[in-house]
file final05.txt (compact mmCIF, C-alpha atoms)
# COMPACT_ATOMS: atom_id res chain seq x y z
CA MET A 1 -12.57 -8.04 2.64
CA PHE A 2 -12.53 -10.43 -0.30
CA SER A 3 -11.61 -13.98 -1.15
CA GLY A 4 -11.15 -16.11 -4.21
CA VAL A 5 -9.38 -13.38 -6.18
CA SER A 6 -6.72 -14.75 -8.48
CA PHE A 7 -5.09 -13.32 -11.57
CA ALA A 8 -1.81 -13.33 -13.44
CA LEU A 9 -0.42 -10.59 -15.65
CA GLU A 10 2.13 -11.03 -18.41
CA SER A 11 4.73 -8.47 -19.30
CA GLY A 12 3.14 -5.60 -21.24
CA GLU A 13 -0.37 -6.25 -19.91
CA ALA A 14 -2.70 -4.05 -17.93
CA LEU A 15 -5.43 -5.08 -15.53
CA VAL A 16 -8.37 -2.80 -14.83
CA LEU A 17 -10.15 -3.41 -11.53
CA ARG A 18 -13.82 -2.55 -11.52
CA GLY A 19 -16.54 -2.86 -8.97
CA PRO A 20 -18.86 -0.80 -6.76
CA ASN A 21 -17.60 1.35 -3.88
CA GLY A 22 -16.37 -0.77 -1.03
CA SER A 23 -15.79 -3.86 -3.10
CA GLY A 24 -12.09 -3.83 -2.27
CA LYS A 25 -10.35 -2.34 -5.31
CA SER A 26 -8.15 -0.03 -3.26
CA THR A 27 -7.54 -2.76 -0.71
CA LEU A 28 -6.35 -5.09 -3.45
CA LEU A 29 -3.93 -2.44 -4.74
CA ARG A 30 -2.59 -1.75 -1.22
CA LEU A 31 -2.21 -5.49 -0.78
CA ILE A 32 -0.15 -5.81 -3.96
CA ALA A 33 2.00 -2.83 -2.93
CA GLY A 34 2.70 -4.48 0.42
CA LEU A 35 0.93 -1.85 2.52
CA LEU A 36 -1.46 -4.52 3.77
CA ARG A 37 -0.73 -8.14 4.55
CA PRO A 38 -3.06 -10.75 3.05
CA ASP A 39 -4.76 -13.13 5.52
CA ALA A 40 -4.16 -15.88 3.00
CA GLY A 41 -2.59 -16.09 -0.42
CA THR A 42 0.44 -14.51 -2.05
CA VAL A 43 1.40 -11.81 -4.49
CA ARG A 44 4.49 -12.42 -6.59
CA LEU A 45 6.45 -10.49 -9.16
CA GLU A 46 8.44 -12.84 -11.37
CA GLY A 47 11.46 -11.74 -13.32
CA GLY A 48 12.03 -8.77 -11.04
CA ASP A 49 14.91 -8.18 -8.69
CA GLY A 50 14.62 -10.97 -6.14
CA GLU A 51 16.22 -8.87 -3.41
CA LEU A 52 13.59 -6.15 -3.61
CA THR A 53 10.00 -6.27 -2.39
CA ILE A 54 7.15 -5.59 -4.79
CA GLY A 55 6.69 -2.22 -3.09
CA GLN A 56 10.23 -1.29 -4.04
CA GLN A 57 9.62 -2.21 -7.68
CA CYS A 58 6.26 -0.53 -8.14
CA HIS A 59 4.72 2.90 -8.32
CA TYR A 60 1.75 3.24 -6.02
CA VAL A 61 -0.46 6.21 -6.86
CA GLY A 62 -3.19 6.25 -4.22
CA HIS A 63 -6.03 8.64 -3.43
CA LEU A 64 -3.64 10.96 -1.64
CA ASP A 65 -1.17 12.95 -3.68
CA ALA A 66 1.77 12.83 -1.22
CA MET A 67 2.80 16.37 -2.12
CA LYS A 68 3.79 19.07 0.36
CA PRO A 69 1.92 22.37 -0.05
CA ALA A 70 4.93 24.40 1.15
CA LEU A 71 7.31 23.02 -1.49
CA SER A 72 7.19 23.95 -5.16
CA ALA A 73 5.94 21.45 -7.72
CA GLU A 74 9.49 20.82 -8.87
CA GLU A 75 10.88 20.42 -5.33
CA ASN A 76 8.15 17.92 -4.54
CA LEU A 77 8.90 15.86 -7.61
CA GLN A 78 12.66 16.15 -7.09
CA PHE A 79 12.25 14.79 -3.58
CA TRP A 80 10.32 11.76 -4.80
CA SER A 81 12.74 11.22 -7.62
CA ALA A 82 15.69 11.31 -5.18
CA PHE A 83 13.89 9.10 -2.68
CA LEU A 84 12.75 6.53 -5.24
CA GLY A 85 16.08 6.54 -7.05
CA GLY A 86 15.05 8.28 -10.25
CA GLY A 87 16.64 10.81 -12.52
CA LYS A 88 15.88 14.33 -13.70
CA THR A 89 12.37 15.67 -13.21
CA GLY A 90 12.07 18.37 -15.89
CA ASP A 91 10.79 16.04 -18.62
CA ALA A 92 8.32 14.40 -16.26
CA LEU A 93 6.80 17.78 -15.38
CA CYS A 94 6.54 18.70 -19.07
CA ARG A 95 4.85 15.40 -19.94
CA PHE A 96 1.97 16.43 -17.71
CA ARG A 97 2.08 20.07 -18.85
CA LEU A 98 3.33 21.34 -15.51
CA GLY A 99 6.55 22.91 -16.84
CA HIS A 100 5.28 26.47 -16.44
CA LEU A 101 4.13 25.74 -12.85
CA ALA A 102 7.41 24.16 -11.69
CA GLY A 103 8.27 27.00 -9.29
CA LEU A 104 4.80 27.39 -7.82
CA PRO A 105 4.16 25.99 -4.30
CA ALA A 106 2.09 22.82 -4.61
CA GLY A 107 -0.45 24.34 -2.21
CA TYR A 108 -1.54 26.72 -4.96
CA LEU A 109 -2.20 23.98 -7.51
CA SER A 110 -5.74 22.89 -8.32
CA ALA A 111 -6.89 19.35 -7.55
CA GLY A 112 -6.30 18.27 -11.14
CA GLN A 113 -2.84 19.84 -11.25
CA LYS A 114 -1.91 18.13 -7.98
CA ARG A 115 -3.07 14.85 -9.45
CA ARG A 116 -0.90 15.45 -12.51
CA LEU A 117 2.07 16.24 -10.28
CA SER A 118 1.47 13.00 -8.41
CA LEU A 119 1.29 11.09 -11.71
CA ALA A 120 4.51 12.75 -12.92
CA ARG A 121 6.32 10.39 -10.52
CA LEU A 122 5.50 7.62 -13.01
CA ALA A 123 7.52 9.39 -15.69
CA ALA A 124 10.35 10.54 -13.41
CA VAL A 125 11.28 7.13 -11.96
CA ARG A 126 11.36 3.85 -13.88
CA ARG A 127 9.48 1.04 -12.18
CA PRO A 128 8.17 -2.16 -13.83
CA LEU A 129 4.80 -2.27 -12.04
CA TRP A 130 2.37 0.63 -11.73
CA LEU A 131 -0.50 0.47 -9.24
CA LEU A 132 -2.97 3.23 -9.99
CA ASP A 133 -5.92 3.93 -7.71
CA GLU A 134 -8.51 6.04 -9.55
CA PRO A 135 -5.76 7.78 -11.53
CA THR A 136 -8.09 9.86 -13.70
CA VAL A 137 -10.07 11.50 -10.89
CA SER A 138 -10.15 15.30 -11.37
CA LEU A 139 -8.07 15.11 -14.57
CA ASP A 140 -9.25 17.05 -17.63
CA ALA A 141 -9.45 15.43 -21.07
CA ASP A 142 -5.93 16.56 -22.07
CA ALA A 143 -4.33 15.27 -18.89
CA LYS A 144 -6.21 11.99 -19.22
CA GLY A 145 -4.81 11.70 -22.75
CA ASP A 146 -1.30 12.38 -21.38
CA LEU A 147 -1.75 9.63 -18.81
CA GLU A 148 -3.07 7.15 -21.37
CA ALA A 149 -0.12 7.90 -23.67
CA LEU A 150 2.32 7.39 -20.80
CA CYS A 151 0.62 4.10 -19.86
CA ALA A 152 0.69 2.90 -23.47
CA GLY A 153 4.42 3.62 -23.63
CA HIS A 154 4.99 1.80 -20.34
CA LEU A 155 3.09 -1.28 -21.55
CA ALA A 156 4.88 -1.22 -24.90
CA GLY A 157 8.15 -1.28 -22.95
CA GLY A 158 7.06 -4.47 -21.18
CA GLY A 159 5.71 -2.89 -18.01
CA LEU A 160 2.71 -3.95 -15.95
CA ILE A 161 -0.22 -1.82 -14.82
CA VAL A 162 -2.97 -2.57 -12.34
CA ALA A 163 -5.51 0.25 -12.23
CA ALA A 164 -8.71 0.61 -10.23
CA THR A 165 -11.18 2.97 -11.78
CA HIS A 166 -14.84 3.78 -12.32
CA LEU A 167 -14.20 6.05 -15.27
CA PRO A 168 -13.43 4.70 -18.71
CA ILE A 169 -9.71 4.62 -19.40
CA ALA A 170 -7.95 3.36 -22.51
CA LEU A 171 -4.97 1.33 -21.40
CA GLY A 172 -4.36 -0.56 -24.64
CA PRO A 173 -4.27 -4.35 -24.16
CA ALA A 174 -6.15 -4.40 -20.87
CA ARG A 175 -7.93 -7.17 -19.05
CA GLU A 176 -10.67 -6.51 -16.59
CA LEU A 177 -11.31 -7.90 -13.13
CA VAL A 178 -14.71 -7.18 -11.62
CA LEU A 179 -15.11 -7.32 -7.86
CA ASP A 180 -18.74 -7.62 -6.83
CA ARG A 181 -20.29 -6.19 -3.70
CA ALA A 182 -19.57 -9.24 -1.59
CA GLY A 183 -15.98 -8.82 -2.61
CA GLU A 184 -15.58 -11.90 -4.74
CA ALA A 185 -14.05 -11.87 -8.17
CA ALA A 186 -16.89 -12.23 -10.65
CA GLY A 187 -15.24 -12.02 -14.02
CA ALA A 188 -11.95 -11.67 -15.78
CA ASP A 189 -10.70 -11.18 -19.33
CA ALA A 190 -12.42 -8.54 -21.39
CA MET B 1 22.13 6.81 1.20
CA GLY B 2 20.62 9.23 -1.31
CA CYS B 3 17.12 8.51 0.00
CA PHE B 4 18.20 9.19 3.59
CA ALA B 5 19.69 12.56 2.69
CA ALA B 6 16.64 13.38 0.57
CA ILE B 7 14.31 12.95 3.57
CA VAL B 8 16.51 14.99 5.92
CA ARG B 9 16.88 17.76 3.33
CA ARG B 10 13.16 17.86 2.60
CA ASP B 11 12.19 17.96 6.28
CA LEU B 12 14.67 20.76 7.01
CA LEU B 13 13.35 22.72 4.04
CA LEU B 14 9.76 22.17 5.17
CA ALA B 15 10.55 23.33 8.70
CA LEU B 16 12.25 26.41 7.28
CA ARG B 17 9.32 27.25 4.99
CA GLN B 18 6.48 26.45 7.35
CA GLY B 19 8.02 27.38 10.66
CA GLY B 20 5.99 26.11 13.57
CA GLY B 21 7.94 23.28 15.20
CA GLY B 22 11.05 24.94 16.63
CA GLY B 23 9.56 28.40 17.05
CA LEU B 24 6.53 27.03 18.86
CA GLY B 25 8.74 24.99 21.19
CA VAL B 26 10.93 27.99 22.04
CA ALA B 27 7.88 30.19 22.67
CA PHE B 28 6.46 27.56 25.03
CA PHE B 29 9.86 27.20 26.72
CA LEU B 30 10.01 30.98 27.20
CA ILE B 31 6.49 31.12 28.64
CA ILE B 32 7.17 28.45 31.27
CA VAL B 33 10.44 30.09 32.26
CA THR B 34 8.84 33.52 32.63
CA LEU B 35 5.75 32.24 34.45
CA VAL B 36 7.58 30.39 37.20
CA PRO B 37 9.34 33.46 38.71
CA LEU B 38 5.97 35.21 38.71
CA GLY B 39 4.50 32.26 40.55
CA ILE B 40 7.14 31.77 43.26
CA GLY B 41 8.10 35.38 43.82
CA PRO B 42 11.30 37.40 43.29
CA ASP B 43 13.63 35.37 45.51
CA LEU B 44 16.81 35.34 43.40
CA LYS B 45 18.58 32.72 45.53
CA LEU B 46 15.67 30.32 45.32
CA LEU B 47 15.34 30.89 41.58
CA GLY B 48 19.03 30.25 41.02
CA ARG B 49 18.83 27.03 43.01
CA ILE B 50 15.90 25.59 41.05
CA ALA B 51 16.96 27.01 37.67
CA PRO B 52 18.71 23.93 36.21
CA GLY B 53 15.84 21.62 37.14
CA LEU B 54 13.28 24.06 35.89
CA LEU B 55 15.07 24.51 32.57
CA TRP B 56 15.23 20.75 32.10
CA VAL B 57 11.56 20.19 32.92
CA ALA B 58 10.56 23.05 30.63
CA LEU B 59 12.73 21.54 27.90
CA LEU B 60 10.95 18.18 28.25
CA LEU B 61 7.54 19.81 28.01
CA ALA B 62 8.53 21.96 25.04
CA THR B 63 9.93 18.89 23.27
CA LEU B 64 6.72 17.03 23.98
CA LEU B 65 4.71 19.81 22.38
CA THR B 66 6.50 19.38 19.05
CA LEU B 67 6.42 15.58 18.88
CA ASP B 68 3.01 15.01 17.33
CA ARG B 69 4.19 16.83 14.21
CA MET B 70 6.87 14.27 13.47
CA PHE B 71 4.87 11.86 11.28
CA HIS B 72 1.42 13.39 11.23
CA ALA B 73 1.61 15.49 8.06
CA ASP B 74 3.26 12.67 6.15
CA PHE B 75 0.57 10.28 7.33
CA GLU B 76 -2.25 12.60 6.29
CA ASP B 77 -1.03 13.36 2.77
CA GLY B 78 -0.06 9.80 1.85
CA THR B 79 3.70 10.38 1.95
CA LEU B 80 4.12 7.79 4.68
CA ASP B 81 2.46 5.11 2.52
CA LEU B 82 5.13 5.58 -0.12
CA MET B 83 7.89 5.67 2.48
CA VAL B 84 6.74 2.42 4.08
CA ILE B 85 7.01 0.51 0.81
CA GLY B 86 9.94 2.57 -0.49
CA PRO B 87 13.56 1.61 -1.07
CA LEU B 88 14.75 2.72 2.38
CA ALA B 89 14.00 0.51 5.39
CA LEU B 90 11.29 2.15 7.49
CA GLU B 91 13.65 2.13 10.49
CA LEU B 92 16.04 4.37 8.57
CA VAL B 93 13.18 6.59 7.43
CA VAL B 94 12.39 7.06 11.13
CA VAL B 95 16.06 7.86 11.85
CA ALA B 96 16.09 10.46 9.06
CA LYS B 97 12.88 12.06 10.23
CA ALA B 98 13.83 12.04 13.92
CA LEU B 99 17.22 13.53 13.05
CA ALA B 100 15.63 16.34 11.03
CA HIS B 101 13.11 16.82 13.82
CA TRP B 102 15.90 17.12 16.38
CA ILE B 103 17.77 19.70 14.29
CA THR B 104 14.65 21.81 13.84
CA THR B 105 13.28 21.54 17.40
CA GLY B 106 15.67 19.96 19.94
CA LEU B 107 18.74 21.84 18.81
CA VAL B 108 16.82 25.12 18.66
CA LEU B 109 15.63 24.61 22.25
CA VAL B 110 19.15 23.78 23.44
CA VAL B 111 20.52 26.95 21.85
CA ALA B 112 17.75 28.98 23.49
CA ALA B 113 18.24 27.44 26.95
CA PRO B 114 21.28 29.47 28.15
CA GLY B 115 19.50 32.70 27.25
CA LEU B 116 16.49 31.60 29.25
CA GLY B 117 18.84 30.63 32.09
CA LEU B 118 19.61 34.34 32.51
CA LEU B 119 15.95 34.94 33.30
CA LEU B 120 16.15 32.40 36.12
CA ASN B 121 19.38 33.70 37.68
CA LEU B 122 21.16 30.50 36.67
CA ASP B 123 24.51 30.16 38.45
CA GLU B 124 27.23 31.31 36.05
CA GLY B 125 29.16 28.08 36.49
CA ALA B 126 26.05 26.15 35.42
CA PHE B 127 25.65 27.54 31.91
CA VAL B 128 28.14 25.21 30.27
CA PRO B 129 26.96 22.03 32.08
CA VAL B 130 23.30 22.84 31.34
CA PHE B 131 24.10 23.44 27.68
CA ALA B 132 26.27 20.31 27.41
CA THR B 133 23.78 17.99 29.12
CA MET B 134 20.92 19.30 27.01
CA LEU B 135 22.91 18.98 23.81
CA VAL B 136 23.67 15.35 24.63
CA GLY B 137 20.25 14.53 26.10
CA THR B 138 17.83 15.99 23.55
CA PRO B 139 18.52 13.63 20.61
CA GLY B 140 17.46 10.80 22.91
CA LEU B 141 14.23 12.64 23.69
CA ASN B 142 13.42 13.01 20.00
CA PHE B 143 14.14 9.37 19.22
CA LEU B 144 12.05 8.20 22.19
CA GLY B 145 9.39 10.66 21.11
CA ALA B 146 9.32 9.05 17.67
CA ILE B 147 7.90 5.92 19.35
CA GLY B 148 5.04 7.93 20.83
CA ALA B 149 4.48 9.76 17.53
CA GLY B 150 4.35 6.42 15.70
CA LEU B 151 1.94 4.89 18.22
CA THR B 152 -0.51 7.80 18.08
CA LEU B 153 -0.44 8.06 14.30
CA GLY B 154 -3.88 8.82 12.95
CA LEU B 155 -5.42 9.75 16.29
CA ARG B 156 -6.99 13.17 16.14
CA ARG B 157 -6.02 14.30 19.63
CA GLY B 158 -2.79 12.34 19.64
CA GLY B 159 -0.76 15.12 21.26
CA LEU B 160 -2.08 14.48 24.76
CA LEU B 161 -1.66 10.76 24.46
CA ILE B 162 1.94 11.15 23.35
CA GLY B 163 2.63 12.93 26.64
CA ILE B 164 1.27 10.07 28.68
CA LEU B 165 3.13 7.48 26.62
CA VAL B 166 6.45 9.23 26.34
CA LEU B 167 7.00 11.31 29.50
CA PRO B 168 7.76 8.22 31.63
CA LEU B 169 10.45 7.30 29.10
CA PHE B 170 11.98 10.76 29.52
CA VAL B 171 12.51 10.28 33.27
CA PRO B 172 15.99 8.65 33.14
CA THR B 173 17.26 11.38 30.79
CA LEU B 174 15.92 14.03 33.17
CA ILE B 175 17.45 12.40 36.24
CA PHE B 176 20.91 11.97 34.80
CA GLY B 177 20.87 15.35 33.06
CA ILE B 178 20.08 17.07 36.36
CA SER B 179 22.53 15.02 38.39
CA ALA B 180 25.32 15.90 35.95
CA VAL B 181 24.49 19.60 36.23
CA THR B 182 24.25 19.42 40.03
CA ALA B 183 27.57 17.58 40.19
CA ALA B 184 29.19 20.30 38.11
CA ILE B 185 27.86 23.15 40.27
CA THR B 186 27.97 21.84 43.82
CA GLY B 187 29.86 18.57 43.73
CA PRO B 188 31.13 16.58 45.50
CA ALA B 189 30.40 13.82 42.99
CA PRO B 190 32.19 14.31 39.64
CA PHE B 191 30.39 15.50 36.48
CA GLY B 192 31.69 12.62 34.37
CA PRO B 193 29.70 9.51 35.40
CA PRO B 194 26.15 10.93 35.19
CA PHE B 195 27.08 12.68 31.95
CA MET B 196 28.34 9.39 30.50
CA ILE B 197 25.13 7.63 31.53
CA LEU B 198 23.15 10.45 29.90
CA ALA B 199 25.10 9.92 26.67
CA ALA B 200 24.48 6.16 26.93
CA LEU B 201 20.74 6.75 27.36
CA THR B 202 20.72 8.87 24.21
CA LEU B 203 22.69 6.27 22.26
CA GLY B 204 20.31 3.57 23.47
CA ALA B 205 17.31 5.61 22.36
CA VAL B 206 18.88 6.30 18.96
CA ALA B 207 19.61 2.59 18.52
CA LEU B 208 16.29 1.16 19.73
CA GLY B 209 13.76 3.95 19.15
CA PRO B 210 13.63 3.61 15.35
CA PHE B 211 12.79 -0.11 15.55
CA ALA B 212 9.93 0.50 17.99
CA ALA B 213 8.66 3.52 16.04
CA ALA B 214 8.80 1.66 12.70
CA ALA B 215 6.88 -1.27 14.20
CA ALA B 216 4.27 1.16 15.57
CA ILE B 217 3.87 2.85 12.17
CA ARG B 218 3.50 -0.49 10.38
CA ALA B 219 0.89 -1.62 12.89
CA ASN B 220 -1.05 1.64 12.45
CA LEU B 221 -1.04 1.45 8.66
CA GLN B 222 -2.38 -2.12 8.54
call {"tool": "encode", "arguments": {"input": "final05.txt", "output": "structure tokens"}}
result
Amino acid sequence: MFSGVSFALESGEALVLRGPNGSGKSTLLRLIAGLLRPDAGTVRLEGGDGELTIGQQCHYVGHLDAMKPALSAEENLQFWSAFLGGGKTGDALCRFRLGHLAGLPAGYLSAGQKRRLSLARLAAVRRPLWLLDEPTVSLDADAKGDLEALCAGHLAGGGLIVAATHLPIALGPARELVLDRAGEAAGADA
Amino acid sequence: MGCFAAIVRRDLLLALRQGGGGGLGVAFFLIIVTLVPLGIGPDLKLLGRIAPGLLWVALLLATLLTLDRMFHADFEDGTLDLMVIGPLALELVVVAKALAHWITTGLVLVVAAPGLGLLLNLDEGAFVPVFATMLVGTPGLNFLGAIGAGLTLGLRRGGLLIGILVLPLFVPTLIFGISAVTAAITGPAPFGPPFMILAALTLGAVALGPFAAAAAIRANLQ
């Protein structure tokens, strides 16, 4: 898929992955999360809990929302919070303006609302590393602002973010990694 | 342990809300059991003699019908991705899901079986042995089925393939389930030994199935 990709992130830094379709942005995120095994090379998280894998210390928000249509928005989020070892979910729903939809089955939510519900996991459970794959797709301007505010808070608290996106997103002190079509890292630091 | 309980609770709630799994299995079970007497004619003695075997075979087929649902929805909506990297070992995720699947399908079929036995003129002394053997045997079927469900993950017509992969694994459970029932009705061999072997088969499946299923899921997600 790609080779020669190398980067290091400090605490409180964000990395934005850019590149054309098929250049391997999602693959790189899945690789960091531990969903794929690299053919060569390593991914390390320093200063974390040595007993846990990176997957257990990160939030992975992929293309799919991982929400069950038959459960309400709140039940969905409560499940993920219980599974991932988080706390109460009410605040997280409110941060993404879903408080009034808490009791509605997730199947009735629009694409943007489902996306917001999926992103509410970030607020419900504390994790040092966030891996975001096209997080702003189908979000409106308000929701995008909510996400950017949440990310800024996470970075200010010393967290790490790696986000793949085509759309402009303001992540505060962000560096950029561009993957070209052949899948090789072309540039860094922006 | 909180994560384990969370998965079981969510799967039970989903089965309750969506229906499908258990109800579909019971309907299929009922159809087989009502079709066979139509096919072989109204010979009550003959029906009574083949009833335990027929119930067991119908149970296997009905179980098979529900298996492809075990991981499929979670695979399609991205839930499985998060579970694979999550805080709970994937093997235990499989245990939680197979357990919830058994409660919502296997257990429902077992509870329905004595009622269906009436339709087949099941010998009255056979009701308890049939119920007991099925109660002990079905968890093993679900845990073996998890292997098939894991292997066929992401295949569009996976249901048929699961049958081919998993039915051979069901054979020992079928054999010892039936021999325990036969021993209880006609003797002369005692009910105990085949029943114990049936229980051992289930325990073996519960112990080994999750490892095989988890390996299959990992391989499919790569």
call {"tool": "interface_residues", "arguments": {"input": "final05.txt", "of": "chain A", "to": "chain B", "cutoff": "9 Å", "atoms": "all atoms listed in the file", "output": "ChimeraX atom specification"}}
result
/A:33-37,52-57,59-68,70-71,75-76,79-80,82-85
call {"tool": "residues_around", "arguments": {"input": "final05.txt", "residues": "Ser26 in chain A", "least_positions_apart": "5", "cutoff": "10 Å", "atoms": "only C-alpha atoms", "output": "PyMOL selection string"}}
result
chain A and resi 17+21+31-32+62-63+131-134+163-165
call {"tool": "atom_distance", "arguments": {"input": "final05.txt", "atom1": "CA of Thr136 in chain A", "atom2": "CA of Gly159 in chain A"}}
result
19.3 Å
call {"tool": "atom_distance", "arguments": {"input": "final05.txt", "atom1": "CA of Ala92 in chain A", "atom2": "CA of Arg44 in chain A"}}
result
28.8 Å
call {"tool": "residues_around", "arguments": {"input": "final05.txt", "residues": "Pro139 in chain B", "least_positions_apart": "4", "cutoff": "9 Å", "atoms": "all atoms listed in the file", "output": "compact mmCIF listing (two decimals) with C-alpha atoms, keeping the file's coordinate frame"}}
result
# COMPACT_ATOMS: atom_id res chain seq x y z
CA ALA B 98 13.83 12.04 13.92
CA LEU B 99 17.22 13.53 13.05
CA TRP B 102 15.90 17.12 16.38
CA ILE B 103 17.77 19.70 14.29
CA GLY B 106 15.67 19.96 19.94
CA LEU B 107 18.74 21.84 18.81
CA MET B 134 20.92 19.30 27.01
CA LEU B 135 22.91 18.98 23.81
CA PHE B 143 14.14 9.37 19.22
CA LEU B 144 12.05 8.20 22.19
CA THR B 202 20.72 8.87 24.21
CA LEU B 203 22.69 6.27 22.26
CA ALA B 205 17.31 5.61 22.36
CA VAL B 206 18.88 6.30 18.96
call {"tool": "atom_distance", "arguments": {"input": "final05.txt", "atom1": "CA of Val136 in chain B", "atom2": "CA of Leu54 in chain B"}}
result
17.6 Å
call {"tool": "decode", "arguments": {"input": "final05.txt", "residues": "range 158-174 of chain A", "atoms": "N, CA and C atoms", "output": "tab-separated table (two decimals), in the first residue's frame"}}
result
chain	number	residue	atom	x	y	z
A	158	GLY	N	-3.17	17.65	26.32
A	158	GLY	CA	-2.02	16.79	26.07
A	158	GLY	C	-2.32	15.58	25.22
A	159	GLY	N	-3.50	15.54	24.61
A	159	GLY	CA	-3.86	14.38	23.78
A	159	GLY	C	-3.23	14.43	22.40
A	160	LEU	N	-3.38	13.35	21.67
A	160	LEU	CA	-2.88	13.25	20.30
A	160	LEU	C	-4.04	13.02	19.36
A	161	ILE	N	-3.95	13.58	18.16
A	161	ILE	CA	-4.98	13.32	17.15
A	161	ILE	C	-4.30	13.02	15.82
A	162	VAL	N	-4.75	11.98	15.16
A	162	VAL	CA	-4.36	11.76	13.77
A	162	VAL	C	-5.66	11.71	12.97
A	163	ALA	N	-5.82	12.65	12.04
A	163	ALA	CA	-7.06	12.75	11.29
A	163	ALA	C	-6.78	12.68	9.80
A	164	ALA	N	-7.57	11.91	9.08
A	164	ALA	CA	-7.48	11.89	7.62
A	164	ALA	C	-8.67	12.64	7.08
A	165	THR	N	-8.43	13.60	6.23
A	165	THR	CA	-9.57	14.38	5.74
A	165	THR	C	-9.24	15.08	4.43
A	166	HIS	N	-10.29	15.29	3.62
A	166	HIS	CA	-10.16	16.11	2.42
A	166	HIS	C	-10.62	17.53	2.70
A	167	LEU	N	-11.55	17.65	3.66
A	167	LEU	CA	-12.15	18.94	3.94
A	167	LEU	C	-11.27	19.71	4.91
A	168	PRO	N	-11.31	21.02	4.81
A	168	PRO	CA	-10.51	21.80	5.75
A	168	PRO	C	-11.03	21.61	7.18
A	169	ILE	N	-10.12	21.43	8.11
A	169	ILE	CA	-10.52	21.29	9.50
A	169	ILE	C	-9.47	22.00	10.35
A	170	ALA	N	-9.95	22.78	11.31
A	170	ALA	CA	-9.04	23.54	12.16
A	170	ALA	C	-8.76	22.76	13.43
A	171	LEU	N	-7.58	22.18	13.51
A	171	LEU	CA	-7.25	21.36	14.67
A	171	LEU	C	-6.22	22.03	15.57
A	172	GLY	N	-6.07	23.35	15.45
A	172	GLY	CA	-5.08	24.02	16.28
A	172	GLY	C	-3.68	23.70	15.78
A	173	PRO	N	-2.75	23.38	16.68
A	173	PRO	CA	-1.36	23.14	16.25
A	173	PRO	C	-1.25	21.81	15.50
A	174	ALA	N	-1.54	21.85	14.19
A	174	ALA	CA	-1.56	20.60	13.43
A	174	ALA	C	-0.42	20.54	12.43
